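Right, one structure below, let's go through it.
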Amino acid sequence: MGVSERDLPHVGCQFTLNGSAVLLHHDMRTATFELLLSFVHVVMMCSLALFPPPLPGDGENCHYSNDKSNTDPAVWFEDSHALNLYFPRESLKPHSRPESSSKAAFRDHCETLYTRSAGAWRDAGFSGLLNEIANSSAEVPRWLGVISGCALAMLRWVSSFHGSLFPHLTLSSEEMTAEFSQVLHWSDCAVRSFAWHPHTLKCAVALLDDSIKIYNPKSSTTPTLKHRLQRSVAALQWKPLCASALAVACHNCLLVWHVDPTSLSTRPSSGSAQVLSHPGHSPVTSVAWSPSGSLLVSGSPRDTAMLVWDVAVESCVPLHRVGGGGVTCLSWSPDGSRVLAATPSSLFRVWETRMWTCERWPNLKGRCQSGCWSPDGSGLLFTVQGETVIYALSFTDTPGLPLGRSRGPKAAVVVADLSETTLETPGGEITVGGEIQSLVWDPRGERLAVLLKGDAGAGRPGMIAVFKTQINPGFKLLPCGFVQGEDGTEPRLMQFNPNYQHGAQLTVCWSNGKITHVPFYFTSSVHPGPGLGGSPQLPLSSQIRTADYP
Amino acid sequence: MFSEDQNCWFIRKVICWRAVASIAWSVLLLPPTTAAFIFLSRFSLFHPVQWITECLSLLTSASTIFSLILLGGVVLLAGVFNLEYYSVVPSVACSRIALIGQVLHPRQFFHSMVHCILGLVVGWCCAVTIGGRYQALGYPCTNDESGPQTCLNEFHLVLLLAGALMGYRHSLLGVVTNMNYVSFNTVQQYKYLCFKGSLPLVFRASALQGLYSLRNFLLLYFFMGHVPRAWVCRTMDLHINSSDPPLNSVSGLLDLGLLYQLWISGTFLLFTWYINVLLFRIFVTEAYSFPVQPTLTEDPQLCLPEVITSKQPLILKYLSLQDLVLLSQHSPPRRLEVFTLSQPGGHPLTWTAVSRECLSLLTDLTERLVTHHDTVSSNGRAKSKSTGSNTTSTTSSESFSTDPMNTPRPGAVIRTPDSVFLRSSVRAGPCPLTAPFTPDLDSPFSSPALRLLARPLGALGPLSPGYSSIQSPHIMRRGPKLWTASTDSQLNGSPPMSPANVPSLSQMQQKPSFLVTFLQNRKDQVKHFLAKRVLVMYLFNKLPEASSQALFADSQAHIWALEGLSNLVAASYSEDQYGVVQTTLPRILTTMLLLQEAVDRHFKLPHASSKPTRSSCSMGDSSYRTLRFALRATLKTAIYRITATFGEHLNAVQLSSDHRKRLQHFLDYKE
């Protein structure tokens with residue numbers, strides 16, 4: 001698709017600071033940004049009013065400053081357009097089949113009570129069994145029916161009590177996945193999840209029809225992954241330091257596919273998927289590989305334990321902690337030292353991965369909706385449901401040095417305020433801002449993309465706001481621009497491409513099923529480290545070439 | 001002998017204290033467990049107040065205190081047995097007969113007997129605590145003819161016997177499910193949290209296993225119950241009250257109260273012992289931080305480079321490798337110590353020692369895999385043409401087993417011609433009937449236990465199942481060469497071998513004595529005869545994929561070596577100031593790629609890539625069954641870690657063209 005791109009010098013930037021409008025000329029821009037930097041740093045807060053207004057018109061508008069003016073989209077993928085994908089919503093049939101409805105349609109009701117009970121036990125567990133017995137009162141002895149009826153009532157009472165403590169437990173699995181997914185309006189989204197490979201140009205796309213497609217611009221085959229248990233995919237992630245393994249968070253299990261990159265098969269058999277399941281651990285809404293590729297953590301909003309998997313051995317260590325009621329969102333810091341685990345209640349935890357102890361962060365206004373780590377693992381940005389601000393935490397000490405617990409920060413700092421603001425555009429005033437759906441930070445730590453939820457009723461579509469960020473010497477957040485889709489579309493999901501050479505590249509999945517890639521060109525002093533979360537940052541010495549080998 | 005002292009030091013100063021701490025904790029946990037047991041065993045739904053007061057008074061009674069002391073002794077003894085019998089390398093039985101051999105091994109038999117008695121004691125404690133009709137073995141009764149006398153209380157006897165059986169079953173299952181195998185956790189946790197996390201699992205396992213052993217006990221008692229009853233009556237001079245119904249009948253055993261008490265006491269017994277095992281595992285596998293470089297105050301022999309090269313005890317080697325991994329992952333200052341040069345002298349002593357040990361571990365595994373693959377793929381056919389007693393014995397043993405796969409004990413690589421030759425000539429006259437039980441290292445029924453049984457003590461030196469290969473690197477190295485000498489199939493995977501020892505040995509094997517050949521032929525005939533019998537086949541048939549499991553039984557060490565090495569190499573990219581790692585980089589890459597090749601070939605064998613079924617709820621750790629998958633994944637990740645860190649610079653490393661091609665696949669993310 002075409003991109004209409006305008007150079008910033010023609011547009012100019014308008015900033016509103018303390019009510020006074022400042023119009024900047026583009027020559028002055030850099031200098032004033034510096035000035036603004038210090039200002040933001042002092043106020044420690046950045047608001048949407050500082051943004052250049054989004055432009056009207058169709059196509060994405062990508063505003064960014066300080067870039068080399070290379071607008072040729074072919075550069076994105078080195079002469080390959082193969083990854084500009086389009087999945088029309090109509091072509092995908094959702095897999096909307098509640099287990100019971102098809103059962104009623106197909107199953108012969110002349111089955112014996114025993115068979116039905118066994119089926120109910122398998123499908124819905126103990127309460128399903130009780131329900132089955134209570135419903136077939138004609139076939140069971142009266143006392144059994146009464147007992148199971150009473151037990152069922154008791155169970156419901158207890159679960160409603162439990163549900164009043166943790167309201168999310170009353171949701172069905174699908175609703176729960178939709179609620180806690182990082183994707184905006186997950187349930188009717190054509191693209192349910194998207195994952196770039198961390199090392200090579202390859203991506204996996206999970207679609208509404210529960211299939212996963214793998215695209216590789218260098219290869220003509222696009223393997224489609226389907227599995228009996230692969231339902232309502234909530235998250236995808238490629239294993240770091242591996243070419244083939246892809247973890248998929250499914251309805252009631254965790255699948256790890258091994259897709260041979262050299263294979264020409266377009267439909268890998270389900271035998272190449274490992275099924276990792278643990279009783280009580282469903283639906284799985286979040287997975288995260290450790291950056292060293294050795295461990296996988298998974299979380300479910302129904303399970304209070306976070307599971308740490310050794311995937312090859314298929315064994316897991318549940319890490320239980322009281323409080324929270326589940327785990328919704330997991331994110332491993334790029335240096336591998338910490339894991340953010342959000343819960344459905346107003347509490348999140350930051351685990352350190354050496355001895356697996358955690359810090360609690362209670363007393364939020366709502367649940368932690370999304371979080372992202374800075375590339376060096378020292379800073380964490382997170383957002384809270386019901387609030388329109390971004391908080392920052394910084395972890396200064398190097399973890400794991402002593403065996404003791406790592407000392408984290410004492411309080412989170414508000415670094416950006418994204419509350420509703422009216423911006424003037426040539427086409428009229430528009431309102432932007434609101435609650436935040438997700439945050440992503442590019443692997444070099446220079447751009448931060450924020451997916452705003454928007455409000456369909458108020459005529460405020462979802463939108464992506466992009467910040468420039470600077471981590472060293474101090475954390476700074478600067479407005480950069482908005483990313484808008486075609487008319488009537490809104491962004492649903494976004495991710496930075498970790499293998500982009502010329503700056504940062506934001507992949508956005510739109511509500512109409514298109515996937516586009518928005519490049520941000522800049523030269524960066526920091527090179528993302530290959531492999532291990534950017535630990536080796538020294539420029540390569542020529543030593544290695546000249547060394548004498550015995 | 002020098003290292004012997006070291007080992008003694010480590011076992012004495014660290015492992016023993018850890019074991020003592022674990023036993024102390026399990027003894028401390030006894031009172032609450034006992035209290036819970038009392039409450040559960042005396043449970044009565046309809047008299048709650050009476051139940052609670054009764055239990056509280058019972059808790060402070062003298063008999064309970066005495067029981068507690070007794071139980072403490074039991075736990076102490078069980079803990080001592082844990083310490084004595086634990087192993088970090090699981091023993092995998094390749095056939096059913098090997099398993100039987102393990103069970104019947106004197107050492108194991110002693111273990112079982114002691115646990116049987118301990119179970120009996122716990123059963124007695126339970127009976128006394130429960131009280132009521134279970135209180136004592138005898139009770140006064142009046143007979144019509146002979147007046148007052150002491151009668152046998154069968155309920156008490158049943159509890160005692162159930163305890164004994166559960167104790168025995170615990171020990172037996174320990175062999176079958178490798179309960180003495182201590183596996184290391186994938187994630188490090190504080191001991192308390194680790195214990196808390198596994199507590200529900202232990203509880204579930206003990207309740208479930210209690211149920212299973214109750215079922216077994218009921219069956220056994222139903223059919224054989226009259227024997228111990230009669231025996232007890234005779235020895236203790238007790239009488240059987242004819243007015244009581246005997247318990248070894250359907251109506252007698254279907255007493256719900258009795259079943260409940262049996263189950264509760266069985267669960268109690270298993271719970272205390274499982275807690276003991278769990279605590280022992282947690283304490284022993286706790287990471288131990290070895291100093292990387294000697295300081296003034298400490299003995300230089302206790303440093304990481306020294307202990308990592310030690311062969312015995314295995315626990316020390318494992319802990320040092322684990323420490324190496326933790327160091328390479330989490331602590332930059334300690335990494336720097338590994339990369340430093342010695343002062344004075346300027347040699348990278350630490351790095352050299354560490355990398356050499358890791359590489360030798362990996363090379364050993366490669367050779368083991370190559371040997372195994374070679375024997376399997378050659379199927380014994382090619383070798384039968386060549387002369388020599390060793391080949392004859394191989395062929396015969398293999399023709400005996402229907403499955404042509406060979407038994408790859410980790411230690412089986414000591415199958416060098418001279419050893420086989422030696423044995424077959426020295427033990428020239430084994431009875432033909434015992435032939436299957438002779439420790440033919442090639443035969444499908446060889447297992448360490450069997451070998452221990454059959455071999456005279458000290459015949460081939462200390463036999464640690466995992467590390468005999470490492471103990472004899474010389475013999476190992478030329479193993480593959482000699483085996484393939486006749487077929488002349490040079491392995492592409494095997495590294496260049498030293499030809500120094502080959503000629504003399506091959507001369508030796510040229511001329512087998514006539515007697516040996518004759519005996520081998522006889523043995524062959526006997527085996528052919530036996531192979532036709534169904535039961536024999538059942539016992540001797542190899543269990544599927546056991547050979548793969550056995551081959552990778554000690555792979556945890558290799559996994560750590562791979563992880564530690566690759567992490568250190570990746571870190572050296574930015575941290576190694578003197579370039580000490582660069583000199584070994586070609587060797588590291590070559591070794592890893594060779595291993596990768598061997599592992600890939602191994603996984604093409606039948607059964608090698610089939611996943612074992614997940615075991616149900618038990619305390620035995622079955623993670624060793626999937627160690628080969630973990631090794632494969634770790635190996636790939638390790639190579640990727642190096643290629644991802646160094647990237648294109650690896651083109652400057654000197655490698656053979658094959659390896660370069662292979663490495664290019666990794667650089668392109670095509671593996």
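Convention: chains lettered A, B, ... in structure tokens order; per-chain residue numbering from 1; ligands numbered from 1 as shown.
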message: Based on only C-alpha atoms, which of the residues in chain B come within 7 Å of chain A? I want them as a list in words.
response: Thr186, Gln188, Gln189, Tyr190, His330, Ser331, Tyr573, Ser574, Gln582, Thr583, Ser623, Thr626, Leu627, Phe629, Ala630, Ala633, Thr637, Tyr640, Arg641, Ala644, Thr645, Ala652, Tyr669, Lys670 and Glu671 of chain B
- request: Name all residues at most 8 Å from Ala120 of chain A (count only C-alpha atoms; drop same-chain ones fewer than 4 positions away) and give them as an MDAnalysis selection string.
  value: chainID A and resid 116 124:125 128:129 132
message: With DSSP run on the backbone, what are the strand (DSSP E) residues within segment 328-431 of chain A? I'd like them as JSON, numbers by chain.
response: {"A": [329, 330, 331, 332, 338, 339, 340, 341, 342, 347, 348, 349, 350, 351, 352, 357, 358, 359, 360, 361, 362, 368, 369, 370, 371, 372, 373, 379, 380, 381, 382, 383, 384, 389, 390, 391, 392, 393, 394, 413, 414, 415, 416, 417, 421, 422, 423, 424, 425, 428, 429, 430, 431]}
Counting only C-alpha atoms, give me one row per residue of segment 208-287 of chain B with an atom at most 10 Å from an atom of segment 82-102 of chain B, showing the shortest contact pair and its distance in Å to one decimal, sorted by chain then residue number, as a tab-separated table.
residue	atom	partner	partner_atom	distance
B:Trp273	CA	B:Asn82	CA	9.9
B:Asn276	CA	B:Asn82	CA	8.4
B:Val277	CA	B:Asn82	CA	6.9
B:Phe280	CA	B:Asn82	CA	7.5
B:Arg281	CA	B:Tyr86	CA	9.0
B:Val284	CA	B:Leu83	CA	9.4
B:Thr285	CA	B:Val88	CA	9.5
Mind dumping a table of every segment 531-641 of chain B residue within 12 Å of segment 522-526 of chain B, with the nearest atom pair and its distance in Å to one decimal, using only C-alpha atoms, sorted by chain and rising number, as a tab-separated table?
residue	atom	partner	partner_atom	distance
B:Ala531	CA	B:Val526	CA	8.5
B:Lys532	CA	B:Val526	CA	10.4
B:Arg533	CA	B:Val526	CA	11.6
Would you mind exporting N, CA and C atoms of the selected residues as an mmCIF file, in the first residue's frame?
data_model
loop_
_atom_site.group_PDB
_atom_site.id
_atom_site.type_symbol
_atom_site.label_atom_id
_atom_site.label_comp_id
_atom_site.auth_asym_id
_atom_site.auth_seq_id
_atom_site.Cartn_x
_atom_site.Cartn_y
_atom_site.Cartn_z
ATOM 1 N N ALA B 531 16.953 -68.318 23.419
ATOM 2 C CA ALA B 531 16.238 -67.243 22.745
ATOM 3 C C ALA B 531 14.864 -67.676 22.305
ATOM 4 N N LYS B 532 14.665 -68.979 22.231
ATOM 5 C CA LYS B 532 13.378 -69.454 21.742
ATOM 6 C C LYS B 532 12.338 -69.519 22.852
ATOM 7 N N ARG B 533 12.754 -69.350 24.068
ATOM 8 C CA ARG B 533 11.790 -69.451 25.172
ATOM 9 C C ARG B 533 11.142 -68.092 25.425
#
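Distance check against Ser298 of chain A using only C-alpha atoms: of A:Gln437, A:Thr328, A:Thr489, A:Thr221, the minimum falls on A:Thr328.
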field: Test item: residues at most 9 Å from segment 17-31 of chain B, only C-alpha atoms, excluding those fewer than 2 positions along its chain, as a ChimeraX atom specification
entry: /B:11-15,33-36,68,71-73,75-76,78-80,82-83,272-273,275-284
Which of B:Ser328, B:Ser171, B:Asn153, B:Thr309 sits closest to Gln108 of chain B [using only C-alpha atoms]: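 Of the candidates, the smallest distance to Gln108 of chain B is held by B:Ser171.
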query: Which polymer residues have any atom within 7 Å of an atom of Ile212 of chain A, counting only C-alpha atoms, with same-chain residues fewer than 4 positions away left out, as a list in words?
result: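 In the requested format, the answer is Ala204, Val205, Ala206, Leu207, Thr224, Leu225 and Lys226 of chain A.
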Polymer residues at most 10 Å from Pro544 of chain B, only C-alpha atoms, same-chain spacing of 4 or more positions, as a PyMOL selection string: chain B and resi 94-95+403+405+548-549+606-608+610+612
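If you measure from each of B:Ala571, B:Leu319, B:Ala553, B:Leu193 to Arg625 of chain B using only C-alpha atoms, the closest one turns out to be B:Ala553.
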